[in-house]
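Trainee: Here you go, one structure.
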Amino acid sequence: MLDDLLTLVQGSPIAQFVGGGFAYPVLEVVHLAGLAVLVGAAAGFDLRLLGVASSLPVRTVAGLLLPASRIGFSVAVCSGLLLFSSSAVSLAANPAFQLKVALLAVAGANIAVFHFGVYRRVGEWEVGDTPLPAVAAGAVSLVVWVGVIACGRWIAYA
């Protein structure tokens, strides 16, 4: 059943347009630009959680960087879905792609746990030392986003 759905997606007019010419390389550039904005902004916030520039209030850093990461995420998801559509069958079977999707799920879970957990009390700790759960969230985020990027590159070789 999943194979039928993937074949349907891959055969769609949009997927044919994406895979049939100039659209694919343009979407790759858009996807990479979205990832650069997402990961760059997220990494800046993660580094603050890890203690870099600890004199800056966490909410200030979040207010500056997290909106950019959301925009980058939106661009990367939209362009990534279009890229996926053009080769849905082979990508779904690709171990690097499967790992990338799994890491994206870990990133989402990490974000949810952070924002619904320790970040709810940010007013108590936003300047100076960061509590261990926030440090852990920042470290996990950095590692996972590097993994997502590596898997994205690895897709071509898996």
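The chains in the structure tokens are called A, B, ... from first to last as shown; in each chain the residues are counted from 1, and the ligands are counted from 1 in the order shown.
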Determine, counting only C-alpha atoms, which protein, DNA and RNA residues have an atom within 12 Å of an atom of Ser54 in chain A; residues of the same chain fewer than 6 positions away are not included. Present the result as a PyMOL selection string.

Mentor: chain A and resi 45-48+60-61+125-131+135

Trainee: Given the selection you just returned, output its residues as a file containing all heavy atoms, formatted as a short mmCIF file (atom, residue, chain, number, x, y, z; two decimals), in the first residue's frame.

Mentor:
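Final output, again.cif:
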data_model
loop_
_atom_site.label_atom_id
_atom_site.label_comp_id
_atom_site.auth_asym_id
_atom_site.auth_seq_id
_atom_site.Cartn_x
_atom_site.Cartn_y
_atom_site.Cartn_z
N PHE A 45 21.22 29.62 18.96
CA PHE A 45 20.43 29.45 20.19
C PHE A 45 20.99 28.31 21.03
O PHE A 45 21.13 28.43 22.26
CB PHE A 45 18.96 29.21 19.84
CG PHE A 45 18.09 29.11 21.05
CD1 PHE A 45 17.81 30.23 21.82
CD2 PHE A 45 17.54 27.90 21.42
CE1 PHE A 45 17.00 30.14 22.95
CE2 PHE A 45 16.73 27.79 22.54
CZ PHE A 45 16.45 28.92 23.31
N ASP A 46 21.33 27.20 20.37
CA ASP A 46 21.90 26.05 21.09
C ASP A 46 23.19 26.43 21.80
O ASP A 46 23.44 26.01 22.93
CB ASP A 46 22.15 24.89 20.14
CG ASP A 46 20.87 24.33 19.55
OD1 ASP A 46 19.80 24.51 20.16
OD2 ASP A 46 20.95 23.71 18.47
N LEU A 47 24.03 27.21 21.14
CA LEU A 47 25.28 27.63 21.76
C LEU A 47 25.02 28.49 23.00
O LEU A 47 25.74 28.37 24.00
CB LEU A 47 26.16 28.37 20.76
CG LEU A 47 26.77 27.49 19.67
CD1 LEU A 47 27.44 28.34 18.59
CD2 LEU A 47 27.74 26.48 20.25
N ARG A 48 23.98 29.31 22.95
CA ARG A 48 23.61 30.09 24.15
C ARG A 48 23.22 29.14 25.28
O ARG A 48 23.60 29.32 26.43
CB ARG A 48 22.48 31.07 23.82
CG ARG A 48 21.85 31.74 25.04
CD ARG A 48 22.89 32.48 25.91
NE ARG A 48 22.34 32.92 27.17
CZ ARG A 48 22.37 32.21 28.30
NH1 ARG A 48 22.90 30.99 28.35
NH2 ARG A 48 21.87 32.71 29.42
N THR A 60 15.88 36.81 25.02
CA THR A 60 16.32 37.77 24.00
C THR A 60 16.91 37.02 22.81
O THR A 60 16.58 37.31 21.66
CB THR A 60 17.35 38.75 24.59
OG1 THR A 60 16.75 39.47 25.66
CG2 THR A 60 17.86 39.71 23.53
N VAL A 61 17.78 36.07 23.10
CA VAL A 61 18.39 35.27 22.04
C VAL A 61 17.31 34.49 21.28
O VAL A 61 17.31 34.44 20.06
CB VAL A 61 19.47 34.33 22.61
CG1 VAL A 61 20.04 33.43 21.53
CG2 VAL A 61 20.59 35.15 23.27
N TRP A 125 16.07 31.23 35.04
CA TRP A 125 17.45 30.88 34.73
C TRP A 125 18.01 31.53 33.46
O TRP A 125 19.09 31.18 33.01
CB TRP A 125 17.59 29.35 34.61
CG TRP A 125 16.67 28.72 33.59
CD1 TRP A 125 15.46 28.17 33.83
CD2 TRP A 125 16.91 28.55 32.18
NE1 TRP A 125 14.91 27.69 32.66
CE2 TRP A 125 15.79 27.90 31.64
CE3 TRP A 125 17.96 28.90 31.32
CZ2 TRP A 125 15.68 27.59 30.29
CZ3 TRP A 125 17.85 28.58 29.97
CH2 TRP A 125 16.72 27.93 29.46
N GLU A 126 17.34 32.51 32.91
CA GLU A 126 17.71 32.97 31.58
C GLU A 126 19.04 33.72 31.48
O GLU A 126 19.57 33.88 30.39
CB GLU A 126 16.58 33.75 30.95
CG GLU A 126 16.39 35.14 31.47
CD GLU A 126 15.35 35.88 30.65
OE1 GLU A 126 15.24 35.63 29.44
OE2 GLU A 126 14.66 36.71 31.23
N VAL A 127 19.59 34.18 32.60
CA VAL A 127 20.91 34.82 32.58
C VAL A 127 21.84 34.01 33.47
O VAL A 127 21.46 33.58 34.54
CB VAL A 127 20.83 36.28 33.09
CG1 VAL A 127 22.21 36.92 33.12
CG2 VAL A 127 19.89 37.10 32.20
N GLY A 128 23.04 33.78 32.98
CA GLY A 128 24.00 33.03 33.77
C GLY A 128 23.97 31.55 33.44
O GLY A 128 23.79 31.17 32.30
N ASP A 129 24.12 30.74 34.47
CA ASP A 129 24.20 29.29 34.27
C ASP A 129 22.88 28.73 33.76
O ASP A 129 21.81 29.08 34.24
CB ASP A 129 24.59 28.59 35.57
CG ASP A 129 26.02 28.88 35.98
OD1 ASP A 129 26.83 29.21 35.09
OD2 ASP A 129 26.32 28.78 37.18
N THR A 130 23.01 27.84 32.80
CA THR A 130 21.84 27.19 32.20
C THR A 130 21.64 25.85 32.89
O THR A 130 22.60 25.11 33.10
CB THR A 130 22.09 26.99 30.70
OG1 THR A 130 22.47 28.24 30.12
CG2 THR A 130 20.86 26.47 29.99
N PRO A 131 20.39 25.50 33.23
CA PRO A 131 20.15 24.21 33.87
C PRO A 131 20.49 23.05 32.93
O PRO A 131 20.40 23.18 31.71
CB PRO A 131 18.67 24.24 34.22
CG PRO A 131 18.07 25.30 33.40
CD PRO A 131 19.16 26.27 33.06
N VAL A 135 20.84 22.57 28.76
CA VAL A 135 22.14 22.27 28.15
C VAL A 135 22.03 21.00 27.30
O VAL A 135 22.51 20.95 26.16
CB VAL A 135 23.24 22.12 29.22
CG1 VAL A 135 24.55 21.62 28.61
CG2 VAL A 135 23.47 23.44 29.95
#

Trainee: Can you tell me, as a ChimeraX atom specification, what residues are no more than 12 Å from range 93-100 of chain A when counting only C-alpha atoms, ignoring any on the same chain fewer than 3 positions away?

Mentor: /A:2-3,6,80,84,87-90,103-107,144-158

Trainee: Using only C-alpha atoms, can you tell me which of A:Leu65, A:Val58, A:Val140, A:Leu32 comes closest to Ser79 in chain A?

Mentor: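 Smallest separation from Ser79 in chain A among the options: A:Leu32.
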